Every structure is written in C-alpha cells, then in structure tokens.
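Scroll down for the structure; my scribbles are underneath it.
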Amino acid sequence: MNFRQVEIFSAIMECASITEAAVRLSLSQPAVSKSLKALEDELALRLFVRTTKGLRATDEARELYAEASRVVMGFTHLGAFAQNLRQLRHARIVVSAMTALCLKWLPEATAGFVRLYPEVSLEFQSRSSPDTVRLVGQGEVDIGISQARSDDLSVRRRKIFDLATVCAVPAGHALAEKPVLDVHDMQGQPVILLSAGDECRRRFEATLGAQGVSIRSTMEVALGAMLCAMVDAGCGIGIVDVETARAQSWRNTVFRRLAPAIRVPIYAMQNIHKPQSLAERRFIEHLVRCAPLPWSDAEAPG
C-alpha cells in the first residue's frame, strides 16, 4: 500500500463516487478504478459494493478510512511543513560581525535577505574580529562575519569578499590634493592607528616595513569610526576600511586610495560541529552575492 492508493481510497469514500473522486484528484476514471482494485487485492478486502444508488462502503472500508484520514492529514501537514522550510519560516539565525561591517554594508545586505524571507528571525551582535571568532568556536553564535587570523580548528570559513582600505586625510591637508597616496607619502606624518589586533593595521605596518617607510604615531583607537572622527577633528591622518569610510559623511575629511593596495579578506564563519541550517546557508550565499563594490575615486568622502 502506498500513499497514492490511500489518497484515492479516501477521495472515493468522501465523494461516494469513482467519477467524482477522479475529478477531485485530476485523474481518469479508469486510473481510479484500477487503483481501488489493486488496493482491494493487496488487502484481500472488499471495500465497496455497487448498488442502484451508487457505491456503498463496507464496514471494513469505514474502519480503514478512519485510519487513512489520519495518514492523509499527516501528509498534508508534512507538505505544509516542507513549504515552511523552503520559505525559512520559523528559522532563527544569530550573527556576530565586526563593527565596520555593521555600519552600512551588513544592514543593507540584510534588508535584501529580509525581503526574500520575511519570517526569518535574525539577531545581530557587533563584536571585534577576535571575539567573533571565539564566539563561533564556542558555538554561541550561528554565523560570524569578520577578519579571521585565527586557525581555530572548530571554525570553518568561507570568504565573502576582500575589504579594501583607504587613507583618511583632513580636507585641507597637502596630501588631500593627491588622488592616490603612496605609502612613502606617510613618512613623518602623524598617523592614527587602529588597535594592534586589527588586521588592517597589521597589513599596513607590514607594507610600511616592506617599503622601508617609518611613520610617527602617538594615537591608537579601537574603532574605524572613531579614527575618522579624529581625522575630522584635525588630529592627523589614518588608514581605515572603505566600509567605515562609506558609512557616513565627514565634514572635514576626504578619503584617498593607497598604493600598494591593502586588502583584508572577510569571512563567513561557522562552527564545524554544528550542522548548517538551510537558513544559514542561504544567508551566507546572499552575503556573497551582496559583496560591496570596489572603492571609486568618484565616491563622496562619506
């Protein structure tokens, strides 16, 4: 006995007619009759008797129908449940992301995902990259989006995009006249640096060392937005990621490309010991499709 036979039998019981059951199920009358006969043969039961008033269900058929109704209802519920899974209804995702990505890019990318899957529940935490990796490794968040220098074996990584950096310069500064800044232009300049654990800073310092350039720095900040605010206030120049530069307009700051270019890979990270849900996979795939565009010299300062 298969589900199609049960479905056809239930339709005959409810319609009390093979013809009407065939219409309901969009089947031919011979197909319905054949299915009924096969079911009776398999069960070795007489389910219907033909009378002058039509089909009459036997006692065995009525008892079988009571059980068949539960089966059909269960399959209907299962179909609806599968539809909910496809639409990601009732799914919940907890995301930790580095602050720079939470200012503009991630909210805009998430808006597109929410339009596709409005019933997904999303929780966001803004954390440093090391904290994000740690939370993923401990299984406390479903997805981490950040730089990932850690080789934590409990974390699997998928690259989303390369995050470029630009130089934030006070609008009236001599370097603001140049469309592209060479790292040698930084020689002797008061440079505001991000925290020592930041990957943008690490790569910037590696580039300076490779080019034999020394800089003067007496100021260090934890956040790119604060670095831009310091530059805007006239405290010096600084290196910041393009997403922070794009996040808002700065009254007294312009941004210039760097040569050689400095880029930091951004990853979507998950705990390898936790199975990836359909909602998580689709969210990550959506983020990959929404990778930010490269910095353009035509962009406004903010």
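Numbering starts fresh at 1 for the residues of each chain in the structure tokens, the chains themselves are lettered A, B, ... in the order given, and ligands are numbered from 1 as they appear.
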
Give me, as CSV, each residue of range 178-210 of chain A that comes within 10 Å of range 137-153 of chain A, together with its shortest interatomic pair and the distance in Å at one decimal, counting only C-alpha atoms, with rows ordered by chain and rising residue number.
```
residue,atom,partner,partner_atom,distance
A:Gly197,CA,A:Arg149,CA,9.6
A:Asp198,CA,A:Gln147,CA,8.5
A:Glu199,CA,A:Gln147,CA,7.0
A:Cys200,CA,A:Gln147,CA,9.2
```

Practice task
Please identify all polymer residues within 12 Å of Gly54 in chain A, counting only C-alpha atoms, omitting same-chain residues fewer than 2 positions from it, and present them as JSON, numbers by chain.
Solution key: {"A": [12, 13, 15, 16, 17, 18, 19, 20, 48, 49, 50, 51, 52, 56, 57]}

Problem - strand (DSSP E or B) call set, DSSP backbone run, range 91-169 of chain A, as a ChimeraX atom specification - result: /A:92-97,121-126,143-146,155-169

Exercise for the section: Could you jot down the CA of Lys159 in chain A to CA of Lys274 in chain A separation for me, Å, one decimal place? Expected result: 18.9 Å

Exercise for the section: List the neighbours of Arg216 in chain A out to 12 Å using only C-alpha atoms; skip same-chain residues closer than 6 positions along the sequence, and give me the result as an MDAnalysis selection string. Expected result: chainID A and resid 186:193 205 208 236:238

Practice task
Please measure the separation of CA of Val264 in chain A and CA of Cys290 in chain A, giving the value in Å to one decimal.
Solution key: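 Separating CA of Val264 in chain A from CA of Cys290 in chain A is a distance of 17.0 Å.
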
Exercise for the section: Determine, counting only C-alpha atoms, which protein, DNA and RNA residues have an atom within 8 Å of an atom of Pro292 in chain A; residues of the same chain fewer than 2 positions away are not included. Present the result as a ChimeraX atom specification. Expected result: /A:105,161,290,294

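Among the candidates A:Ser154, A:Ser277, A:Ser129, A:Asn271, the residue lying nearest to Ala222 in chain A is A:Ser129 (atoms considered: only C-alpha atoms).
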